[in-house]
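Working notes for the structure below.
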Amino acid sequence: MKMNDVMSDLRAQAAVQAALAEDVGSGDGTTRALVDPAIQATGEILAREACRVAGATVARQVLREVDPALQVTLVVPDGEDVAEGGTILTVQGSAASILTAERTALNFMQRMCGIATLTARFVDAVRAFGTLILDTRKTTPNLRIFEKYAVTCGGGTNHRFGLYDRILMKDNHRGLWKGGDPERLDLAVEAARAAYPGLVIEIEVESIEACKSALRAKPDWIMLDNMDAGTMRACAGLCKGISRTEASGGITLERAQVVAATGVDAISLGCLTHSAGSIDLSLEWRVI
């Protein structure tokens, strides 16, 4: 996914509507019971800690979905940094509408800012090596489009979006390969390429020998899984000019530079989406 307005995607629009339906249901009873719909207010979403912004466009959509008359201004756009205490967006209009939309808007943004901020830390750690930071499919069901968008806001790069847009052969696929010898990785690559000639072909290897076997068929990518730095460096050297290399498996922020220094083209990290915390945000507002 390219770093643009995620809300142009129909899947994102449907997800926002579903989130509001989950929270609002038949109506915001508290607000309806206590708040005069004529009251106008102005509010701002504030960062309680420094972070990389992601999801401001989503929060804007949530607010407008509740009340198209709300005036929303993005002060710090997605993909930019905001300091502690900084204003990310402002909203003006019906106080009742702002109250109804507040939690859903913040829920999206807090999670997305957390992913973007963690991604940015990995990107900064390997910047000197020009190594790509990739996400994975380890995402929250039905929220993948937002989480992968947040990765791009952090400077990362999206790996495959689903099972349909790239061939990625892992050990289980090789073990069950209907074509024969699971050690002949070149034949597995050729079989996958013949079946899906329009897709990028990637294969996972765990050793130098497996890497050499896969390279005979020149796959687009070779994933170097759970290797030590020395083995990874040797495989990256073998693949140079033939296949791009992706390091994967238990790579921490502290180890990222060591891995990048082996010469791999990319590092894939499930932690970007399955372990990122939420950023502390709040919506402060006043009646006007």
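Lettering and numbering for the structure tokens are positional, with chains as A, B, ... in the shown order, residues counted from 1 in each chain, and ligands counted from 1 in the shown order.
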Residues within 12 Å of Arg193 in chain A, only C-alpha atoms, excluding chain neighbours under 2 positions, as a list of chain:residue names
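Contacts, with the query itself left out: A:Arg166, A:Ile167, A:Leu168, A:Met169, A:Asp186, A:Leu187, A:Ala188, A:Val189, A:Glu190, A:Ala191, A:Ala195, A:Tyr196, A:Pro197, A:Gly198, A:Leu199, A:Val200, A:Ile201, A:Glu202, A:Ile203, A:Ala217, A:Lys218, A:Pro219, A:Asp220.
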Need the shell around Leu215 in chain A: protein/DNA/RNA residues with any atom at most 9 Å away, counting only C-alpha atoms. Skip same-chain ones fewer than 3 positions apart. Format as a list in words?
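Final neighbour list, sorted by chain and number: Leu185, Asp186, Ala210, Cys211, Lys212, Lys218, Pro219, Ile222, Leu238, Cys239, Ile242 and Ser243 of chain A.
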Got a sec: who's within 9 Å of Gly130 in chain A, counting only C-alpha atoms, leaving out chain neighbours fewer than 3 positions off, as a list of chain:residue names?
A:Val126, A:Arg127, A:Ala260, A:Asp265, A:Ala266
Residues as selected, C-alpha atoms, written as a tab-separated table (two decimals), in the first residue's frame, can you do that?
chain	number	residue	atom	x	y	z
A	126	VAL	CA	19.01	0.41	9.49
A	127	ARG	CA	18.98	3.65	7.50
A	260	ALA	CA	21.31	-5.18	8.02
A	265	ASP	CA	17.94	-6.32	1.04
A	266	ALA	CA	15.15	-6.36	3.60
Report the distance between CA of Cys153 in chain A and CA of Trp221 in chain A in Å, rounded to one decimal place.
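It comes out at 24.2 Å.
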Counting only C-alpha atoms, which residues of range 87-130 of chain A fall within 12 Å of range 279-282 of chain A, and what is the closest atom pair for each with its distance in Å at one decimal, ordered by chain and rising number, as JSON lines?
{"residue": "A:Thr87", "atom": "CA", "partner": "A:Leu281", "partner_atom": "CA", "distance": 9.8}
{"residue": "A:Ile88", "atom": "CA", "partner": "A:Leu281", "partner_atom": "CA", "distance": 9.4}
{"residue": "A:Leu89", "atom": "CA", "partner": "A:Ser282", "partner_atom": "CA", "distance": 10.9}
{"residue": "A:Thr90", "atom": "CA", "partner": "A:Ser282", "partner_atom": "CA", "distance": 11.7}
{"residue": "A:Glu102", "atom": "CA", "partner": "A:Ser282", "partner_atom": "CA", "distance": 9.1}
{"residue": "A:Arg103", "atom": "CA", "partner": "A:Ser282", "partner_atom": "CA", "distance": 9.4}
{"residue": "A:Thr104", "atom": "CA", "partner": "A:Ser282", "partner_atom": "CA", "distance": 11.9}
{"residue": "A:Ala105", "atom": "CA", "partner": "A:Ser282", "partner_atom": "CA", "distance": 10.2}
{"residue": "A:Leu106", "atom": "CA", "partner": "A:Leu281", "partner_atom": "CA", "distance": 7.0}
{"residue": "A:Asn107", "atom": "CA", "partner": "A:Leu281", "partner_atom": "CA", "distance": 9.2}
{"residue": "A:Phe108", "atom": "CA", "partner": "A:Ile279", "partner_atom": "CA", "distance": 10.5}
{"residue": "A:Met109", "atom": "CA", "partner": "A:Leu281", "partner_atom": "CA", "distance": 8.0}
{"residue": "A:Gln110", "atom": "CA", "partner": "A:Ile279", "partner_atom": "CA", "distance": 4.8}
{"residue": "A:Arg111", "atom": "CA", "partner": "A:Ile279", "partner_atom": "CA", "distance": 6.7}
{"residue": "A:Met112", "atom": "CA", "partner": "A:Ile279", "partner_atom": "CA", "distance": 8.3}
{"residue": "A:Cys113", "atom": "CA", "partner": "A:Ile279", "partner_atom": "CA", "distance": 6.0}
{"residue": "A:Gly114", "atom": "CA", "partner": "A:Ile279", "partner_atom": "CA", "distance": 5.1}
{"residue": "A:Ile115", "atom": "CA", "partner": "A:Ile279", "partner_atom": "CA", "distance": 8.9}
{"residue": "A:Ala116", "atom": "CA", "partner": "A:Ile279", "partner_atom": "CA", "distance": 9.9}
{"residue": "A:Thr117", "atom": "CA", "partner": "A:Ile279", "partner_atom": "CA", "distance": 8.5}
{"residue": "A:Leu118", "atom": "CA", "partner": "A:Ile279", "partner_atom": "CA", "distance": 10.3}
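Distance annotation: of A:Gln17, A:Gln92, A:Thr139, A:Thr152, the residue with the minimal separation from Glu44 in chain A is A:Gln92; atom set is only C-alpha atoms.
The neighbours of Arg286 in chain A here are the residues that come within 7 Å of it, using only C-alpha atoms and leaving out any residue fewer than 4 positions away in the same chain; they are Ala41, Thr42 and Gly43 of chain A.
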Would you mind telling me which residue in A:Ala125, A:Val66, A:Ala18, A:Ala96 lies nearest to Gln40 in chain A when using only C-alpha atoms?
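Looking at the shortest contact to Gln40 in chain A, the residue is A:Ala96.
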Between CA of Ala14 in chain A and CA of Glu65 in chain A, what is the distance, to one decimal in Å?
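Distance reported for this atom pair: 11.1 Å.
For the pair CA of Glu147 in chain A and CA of Ile98 in chain A, the separation is 24.4 Å.
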